[in-house]
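Engineer: Below you'll find upload-v6.pdb; it's PDB, C-alpha atoms and all ligand atoms.
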ATOM      1  CA  MET A   1      26.410  -1.153 -20.091  1.00  0.00           C
ATOM      2  CA  ALA A   2      23.570  -2.409 -22.209  1.00  0.00           C
ATOM      3  CA  GLU A   3      21.378  -5.097 -20.871  1.00  0.00           C
ATOM      4  CA  GLU A   4      19.979  -7.472 -23.406  1.00  0.00           C
ATOM      5  CA  LYS A   5      17.017  -9.665 -22.911  1.00  0.00           C
ATOM      6  CA  THR A   6      16.436 -12.375 -25.394  1.00  0.00           C
ATOM      7  CA  GLN A   7      13.642 -14.653 -24.497  1.00  0.00           C
ATOM      8  CA  GLY A   8      12.134 -17.223 -26.793  1.00  0.00           C
ATOM      9  CA  SER A   9       8.526 -16.356 -26.089  1.00  0.00           C
ATOM     10  CA  GLY A  10       9.084 -12.684 -26.721  1.00  0.00           C
ATOM     11  CA  THR A  11       6.368 -11.673 -24.267  1.00  0.00           C
ATOM     12  CA  ALA A  12       7.722 -11.748 -20.753  1.00  0.00           C
ATOM     13  CA  THR A  13      10.015  -9.077 -19.492  1.00  0.00           C
ATOM     14  CA  VAL A  14      11.235  -9.899 -16.045  1.00  0.00           C
ATOM     15  CA  ASP A  15      12.929  -6.861 -14.683  1.00  0.00           C
ATOM     16  CA  PRO A  16      14.918  -7.048 -11.496  1.00  0.00           C
ATOM     17  CA  PRO A  17      13.982  -4.353  -8.999  1.00  0.00           C
ATOM     18  CA  GLY A  18      15.272  -1.147 -10.552  1.00  0.00           C
ATOM     19  CA  GLU A  19      16.089   2.120  -8.902  1.00  0.00           C
ATOM     20  CA  ASN A  20      12.541   3.360  -9.452  1.00  0.00           C
ATOM     21  CA  THR A  21      10.872   0.208  -8.135  1.00  0.00           C
ATOM     22  CA  VAL A  22       8.498   0.159  -5.211  1.00  0.00           C
ATOM     23  CA  GLN A  23       8.084  -3.142  -3.416  1.00  0.00           C
ATOM     24  CA  VAL A  24       5.311  -3.526  -0.863  1.00  0.00           C
ATOM     25  CA  THR A  25       4.806  -6.612   1.287  1.00  0.00           C
ATOM     26  CA  PHE A  26       1.460  -7.137   2.965  1.00  0.00           C
ATOM     27  CA  LEU A  27       1.601  -9.238   6.143  1.00  0.00           C
ATOM     28  CA  PRO A  28       0.606 -11.669   7.460  1.00  0.00           C
ATOM     29  CA  GLU A  29      -0.226 -13.011   4.015  1.00  0.00           C
ATOM     30  CA  GLY A  30       3.316 -12.238   2.949  1.00  0.00           C
ATOM     31  CA  LYS A  31       2.217 -11.121  -0.493  1.00  0.00           C
ATOM     32  CA  THR A  32       4.758  -8.840  -2.131  1.00  0.00           C
ATOM     33  CA  VAL A  33       3.846  -6.593  -5.020  1.00  0.00           C
ATOM     34  CA  GLN A  34       6.142  -4.526  -7.139  1.00  0.00           C
ATOM     35  CA  PHE A  35       5.625  -1.619  -9.499  1.00  0.00           C
ATOM     36  CA  GLU A  36       7.378   1.385 -10.868  1.00  0.00           C
ATOM     37  CA  HIS A  37       7.037   4.463  -8.716  1.00  0.00           C
ATOM     38  CA  GLY A  38       4.560   6.900 -10.240  1.00  0.00           C
ATOM     39  CA  LYS A  39       3.204   4.386 -12.757  1.00  0.00           C
ATOM     40  CA  LEU A  40       0.524   2.666 -10.712  1.00  0.00           C
ATOM     41  CA  PRO A  41      -2.932   2.964 -12.303  1.00  0.00           C
ATOM     42  CA  TYR A  42      -5.084   4.934  -9.891  1.00  0.00           C
ATOM     43  CA  LYS A  43      -8.116   3.018  -8.582  1.00  0.00           C
ATOM     44  CA  ASP A  44      -9.810   6.079  -7.159  1.00  0.00           C
ATOM     45  CA  HIS A  45      -9.567   4.952  -3.545  1.00  0.00           C
ATOM     46  CA  GLY A  46      -7.602   7.054  -1.120  1.00  0.00           C
ATOM     47  CA  LYS A  47      -4.732   9.193  -2.199  1.00  0.00           C
ATOM     48  CA  GLU A  48      -2.944   8.294  -5.386  1.00  0.00           C
ATOM     49  CA  GLU A  49      -0.280   5.646  -4.776  1.00  0.00           C
ATOM     50  CA  SER A  50      -1.473   5.245  -1.194  1.00  0.00           C
ATOM     51  CA  LEU A  51      -1.105   1.848   0.415  1.00  0.00           C
ATOM     52  CA  LEU A  52      -4.844   1.348  -0.114  1.00  0.00           C
ATOM     53  CA  ASP A  53      -4.423   2.176  -3.783  1.00  0.00           C
ATOM     54  CA  VAL A  54      -1.524  -0.283  -3.998  1.00  0.00           C
ATOM     55  CA  ALA A  55      -3.516  -3.022  -2.261  1.00  0.00           C
ATOM     56  CA  LEU A  56      -6.589  -2.602  -4.456  1.00  0.00           C
ATOM     57  CA  ASN A  57      -4.484  -2.521  -7.590  1.00  0.00           C
ATOM     58  CA  HIS A  58      -3.133  -5.944  -6.706  1.00  0.00           C
ATOM     59  CA  GLY A  59      -6.262  -7.677  -5.460  1.00  0.00           C
ATOM     60  CA  ILE A  60      -5.317  -7.450  -1.799  1.00  0.00           C
ATOM     61  CA  ARG A  61      -8.237  -6.952   0.527  1.00  0.00           C
ATOM     62  CA  LEU A  62      -7.919  -3.908   2.719  1.00  0.00           C
ATOM     63  CA  ASP A  63     -11.170  -2.586   4.029  1.00  0.00           C
ATOM     64  CA  HIS A  64     -12.010   1.006   3.205  1.00  0.00           C
ATOM     65  CA  ALA A  65     -15.468   1.795   4.509  1.00  0.00           C
ATOM     66  CA  CYS A  66     -15.344   5.500   3.729  1.00  0.00           C
ATOM     67  CA  GLY A  67     -13.888   4.986   0.267  1.00  0.00           C
ATOM     68  CA  GLY A  68     -10.487   6.344   1.175  1.00  0.00           C
ATOM     69  CA  ASN A  69     -11.590   9.742   2.447  1.00  0.00           C
ATOM     70  CA  CYS A  70      -9.936   9.733   5.875  1.00  0.00           C
ATOM     71  CA  ALA A  71     -13.352   9.420   7.498  1.00  0.00           C
ATOM     72  CA  CYS A  72     -13.116   5.974   9.122  1.00  0.00           C
ATOM     73  CA  THR A  73     -10.341   3.757  10.490  1.00  0.00           C
ATOM     74  CA  THR A  74     -11.021   0.530   8.629  1.00  0.00           C
ATOM     75  CA  CYS A  75      -7.907   0.915   6.441  1.00  0.00           C
ATOM     76  CA  HIS A  76      -5.675   1.030   9.539  1.00  0.00           C
ATOM     77  CA  ILE A  77      -2.366  -0.753   8.974  1.00  0.00           C
ATOM     78  CA  TRP A  78       0.944  -1.042  10.789  1.00  0.00           C
ATOM     79  CA  VAL A  79       4.082  -0.078   8.942  1.00  0.00           C
ATOM     80  CA  LYS A  80       6.796  -2.607   9.798  1.00  0.00           C
ATOM     81  CA  GLU A  81       9.481  -1.363   7.433  1.00  0.00           C
ATOM     82  CA  GLY A  82      10.043   1.489   5.033  1.00  0.00           C
ATOM     83  CA  ALA A  83       8.174   4.269   6.838  1.00  0.00           C
ATOM     84  CA  GLU A  84      10.769   6.624   5.369  1.00  0.00           C
ATOM     85  CA  ASN A  85       9.377   5.859   1.912  1.00  0.00           C
ATOM     86  CA  LEU A  86       5.912   7.084   2.887  1.00  0.00           C
ATOM     87  CA  SER A  87       4.386  10.537   3.084  1.00  0.00           C
ATOM     88  CA  GLU A  88       4.362  12.218   6.461  1.00  0.00           C
ATOM     89  CA  MET A  89       1.200  11.955   8.462  1.00  0.00           C
ATOM     90  CA  ASP A  90      -0.923  15.084   8.319  1.00  0.00           C
ATOM     91  CA  ASP A  91      -3.226  16.357  11.069  1.00  0.00           C
ATOM     92  CA  ASP A  92      -6.384  14.879   9.556  1.00  0.00           C
ATOM     93  CA  GLU A  93      -4.878  11.406   9.476  1.00  0.00           C
ATOM     94  CA  ALA A  94      -3.483  11.748  13.010  1.00  0.00           C
ATOM     95  CA  ASP A  95      -6.860  12.894  14.348  1.00  0.00           C
ATOM     96  CA  ARG A  96      -8.642  10.029  12.641  1.00  0.00           C
ATOM     97  CA  LEU A  97      -6.105   7.458  13.812  1.00  0.00           C
ATOM     98  CA  ASP A  98      -6.705   8.548  17.409  1.00  0.00           C
ATOM     99  CA  MET A  99     -10.028   6.749  17.093  1.00  0.00           C
ATOM    100  CA  ALA A 100      -8.511   3.519  15.761  1.00  0.00           C
ATOM    101  CA  ALA A 101      -8.371   0.277  17.693  1.00  0.00           C
ATOM    102  CA  ASP A 102      -4.926  -1.190  18.410  1.00  0.00           C
ATOM    103  CA  LEU A 103      -3.182   2.095  17.779  1.00  0.00           C
ATOM    104  CA  GLN A 104       0.586   1.687  17.635  1.00  0.00           C
ATOM    105  CA  LEU A 105       3.488   4.019  16.982  1.00  0.00           C
ATOM    106  CA  ASN A 106       3.704   2.626  13.451  1.00  0.00           C
ATOM    107  CA  SER A 107      -0.024   2.953  12.711  1.00  0.00           C
ATOM    108  CA  ARG A 108      -1.120   4.623   9.481  1.00  0.00           C
ATOM    109  CA  LEU A 109      -4.272   4.885   7.481  1.00  0.00           C
ATOM    110  CA  GLY A 110      -3.813   2.925   4.282  1.00  0.00           C
ATOM    111  CA  CYS A 111      -5.700   5.496   2.237  1.00  0.00           C
ATOM    112  CA  GLN A 112      -3.579   8.412   3.455  1.00  0.00           C
ATOM    113  CA  ALA A 113      -0.075   6.949   3.603  1.00  0.00           C
ATOM    114  CA  VAL A 114       1.379   7.560   0.162  1.00  0.00           C
ATOM    115  CA  ILE A 115       4.463   5.963  -1.314  1.00  0.00           C
ATOM    116  CA  ASN A 116       6.591   8.972  -2.066  1.00  0.00           C
ATOM    117  CA  LYS A 117       9.793   7.344  -3.169  1.00  0.00           C
ATOM    118  CA  PRO A 118      10.998   4.028  -4.545  1.00  0.00           C
ATOM    119  CA  GLY A 119      12.054   1.344  -2.111  1.00  0.00           C
ATOM    120  CA  LYS A 120      10.714  -1.330   0.131  1.00  0.00           C
ATOM    121  CA  VAL A 121       7.727  -1.086   2.447  1.00  0.00           C
ATOM    122  CA  VAL A 122       6.340  -3.811   4.691  1.00  0.00           C
ATOM    123  CA  VAL A 123       2.936  -3.388   6.276  1.00  0.00           C
ATOM    124  CA  GLU A 124       0.733  -5.577   8.407  1.00  0.00           C
ATOM    125  CA  ILE A 125      -3.022  -5.625   8.107  1.00  0.00           C
ATOM    126  CA  PRO A 126      -4.481  -6.077  11.621  1.00  0.00           C
ATOM    127  CA  ALA A 127      -6.466  -9.242  12.241  1.00  0.00           C
ATOM    128  CA  TRP A 128      -9.742  -7.429  12.849  1.00  0.00           C
ATOM    129  CA  ASN A 129      -9.378  -5.799   9.461  1.00  0.00           C
ATOM    130  CA  ARG A 130      -8.454  -9.036   7.701  1.00  0.00           C
ATOM    131  CA  ASN A 131     -11.506 -10.763   9.090  1.00  0.00           C
ATOM    132  CA  TYR A 132     -13.838  -7.990   8.100  1.00  0.00           C
ATOM    133  CA  VAL A 133     -15.901  -8.940   5.100  1.00  0.00           C
ATOM    134  CA  SER A 134     -15.752  -6.140   2.592  1.00  0.00           C
ATOM    135  CA  GLU A 135     -17.379  -5.504  -0.709  1.00  0.00           C
ATOM    136  CA  GLU A 136     -15.565  -6.651  -3.785  1.00  0.00           C
ATOM    137  CA  HIS A 137     -15.764  -4.035  -6.460  1.00  0.00           C
TER     138      HIS A 137
HETATM  139  S1  LIG A 201     -10.728   4.158   4.045  1.00  0.00           S
HETATM  140 FE1  LIG A 201     -11.662   5.326   5.575  1.00  0.00          FE
HETATM  141  S2  LIG A 201     -10.006   6.326   6.463  1.00  0.00           S
HETATM  142 FE2  LIG A 201      -9.059   5.132   4.955  1.00  0.00          FE
END
For this file, produce the structure as structure tokens.
Structural biologist:
Amino acid sequence: MAEEKTQGSGTATVDPPGENTVQVTFLPEGKTVQFEHGKLPYKDHGKEESLLDVALNHGIRLDHACGGNCACTTCHIWVKEGAENLSEMDDDEADRLDMAADLQLNSRLGCQAVINKPGKVVVEIPAWNRNYVSEEH
């Protein structure tokens, strides 16, 4: 079945979430971003299509003191939903997370947790991270 879009302006294409769409919600702000899996421009922070990469691509502040190299814990986030759409935690990430404050069962490092399939993910940025003033560049 063909789907036609005829819009007067001719510029906007509003696609409903497709089968290859990734949707990430960042709490507590509640900001939801959406993109096509595998098509996110890489911002050179953390692993490609990591939650840090997603955040930085969409202007969401997530601290990343070590530049996404699994050498700090400032990108610590809690995964509330959609953990099954993320890469498995490797030993380096697990070892690093052991040093994180407020460690929970759903803790991940934003720079290491990679979206590995389309779907919905909801993460929360801990308060101490939100309040941290980070560089904007
Ligand atoms: S930015 Fe340092 S571990 Fe993720």
Engineer: Could you list, as a PyMOL selection string, every residue matched by the PyMOL selection byres (((chain A and resi 53) around 9) and not hetatm) in this structure?
Structural biologist: chain A and resi 40-52+54-58+68+110-111+114
Engineer: Based on the selection just made, write C-alpha atoms of those residues as a short mmCIF file (atom, residue, chain, number, x, y, z; two decimals), in the frame of the given file.
Structural biologist:
data_model
loop_
_atom_site.label_atom_id
_atom_site.label_comp_id
_atom_site.auth_asym_id
_atom_site.auth_seq_id
_atom_site.Cartn_x
_atom_site.Cartn_y
_atom_site.Cartn_z
CA LEU A 40 0.52 2.67 -10.71
CA PRO A 41 -2.93 2.96 -12.30
CA TYR A 42 -5.08 4.93 -9.89
CA LYS A 43 -8.12 3.02 -8.58
CA ASP A 44 -9.81 6.08 -7.16
CA HIS A 45 -9.57 4.95 -3.54
CA GLY A 46 -7.60 7.05 -1.12
CA LYS A 47 -4.73 9.19 -2.20
CA GLU A 48 -2.94 8.29 -5.39
CA GLU A 49 -0.28 5.65 -4.78
CA SER A 50 -1.47 5.24 -1.19
CA LEU A 51 -1.10 1.85 0.42
CA LEU A 52 -4.84 1.35 -0.11
CA VAL A 54 -1.52 -0.28 -4.00
CA ALA A 55 -3.52 -3.02 -2.26
CA LEU A 56 -6.59 -2.60 -4.46
CA ASN A 57 -4.48 -2.52 -7.59
CA HIS A 58 -3.13 -5.94 -6.71
CA GLY A 68 -10.49 6.34 1.18
CA GLY A 110 -3.81 2.92 4.28
CA CYS A 111 -5.70 5.50 2.24
CA VAL A 114 1.38 7.56 0.16
#
Engineer: List as JSON, numbers by chain the protein and nucleic acid residues near Val123 in chain A, meaning an atom at most 12 Å away when all atoms listed in the file are counted, but skip any in the same chain fewer than 2 places from it.
Structural biologist: {"A": [23, 24, 25, 26, 27, 28, 29, 30, 31, 32, 33, 51, 52, 54, 55, 62, 75, 76, 77, 78, 79, 80, 81, 82, 83, 86, 106, 107, 108, 109, 110, 113, 120, 121, 125, 126]}
Engineer: Can you list what the PyMOL selection byres (((chain A and resi 117) around 8) and not hetatm) grabs from this structure, as a list in words?
Structural biologist: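 In the shown coordinates, the PyMOL selection byres (((chain A and resi 117) around 8) and not hetatm) covers Asn20, Val22, His37, Asn85, Leu86, Ile115, Asn116, Pro118 and Gly119 of chain A.
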Engineer: When you draw a straight line from CA of Asp102 in chain A to CA of Gln34 in chain A, how long is it in Å?
Structural biologist: 28.0 Å
Engineer: Grab the atom S1 of ligand LIG 201 (chain A) to CA of Arg61 in chain A distance for me, in Å with one decimal place.
Structural biologist: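 Here the two named atoms are 11.9 Å from each other.
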Engineer: Select, from A:Met99, A:Met89, A:Leu105, A:Ala71, the residue with the minimum atom-to-atom distance to ligand LIG 201 (chain A), counting only C-alpha atoms and all ligand atoms.
Structural biologist: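 Counting only C-alpha atoms and all ligand atoms, the residue closest to ligand LIG 201 (chain A) is A:Ala71.
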Engineer: Restricting the calculation to all atoms listed in the file: of A:Asp98, A:Glu124, A:Glu88, A:Glu93, which residue gets closest to ligand LIG 201 (chain A)?
Structural biologist: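 Of all the options, A:Glu93 lies closest to ligand LIG 201 (chain A).
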Engineer: How many Å separate atom S1 of ligand LIG 201 (chain A) from CA of Gln104 in chain A?
Structural biologist: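 CA of Gln104 in chain A lies at a distance of 17.9 Å from atom S1 of ligand LIG 201 (chain A).
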Engineer: Would you please work out which residue, of A:Asp92, A:Val122, A:Gly67, A:Asn129, is nearest to ligand LIG 201 (chain A) when using all atoms listed in the file?
Structural biologist: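 Among A:Asp92, A:Val122, A:Gly67, A:Asn129, it is A:Gly67 that comes nearest to ligand LIG 201 (chain A).
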Engineer: Given the choices A:Glu19, A:Ile60, A:Ala100, A:Gln112, which gets closest to ligand LIG 201 (chain A) if the distance is worked out from all atoms listed in the file?
Structural biologist: A:Gln112
Engineer: Rank nothing, just name the residue among A:Gly59, A:Trp128, A:Cys66, A:Ala101 nearest to ligand LIG 201 (chain A), using all atoms listed in the file.
Structural biologist: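 Looking at the shortest contact to ligand LIG 201 (chain A), the residue is A:Cys66.
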Engineer: The centre and edge lengths of an axis-aligned box containing all atoms of ligand LIG 201 (chain A) present in the file, extended by 6 Å on each side, are to be given in Å to one decimal, as JSON.
Structural biologist:
{"center_x": -10.4, "center_y": 5.2, "center_z": 5.3, "size_x": 14.6, "size_y": 14.2, "size_z": 14.4}
Engineer: Pick out the closest residue to ligand LIG 201 (chain A) from this set: A:Leu103, A:His64, A:Pro17, A:Asp90. Count all atoms listed in the file.
Structural biologist: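 Looking only at the distances to ligand LIG 201 (chain A), the closest residue turns out to be A:His64.
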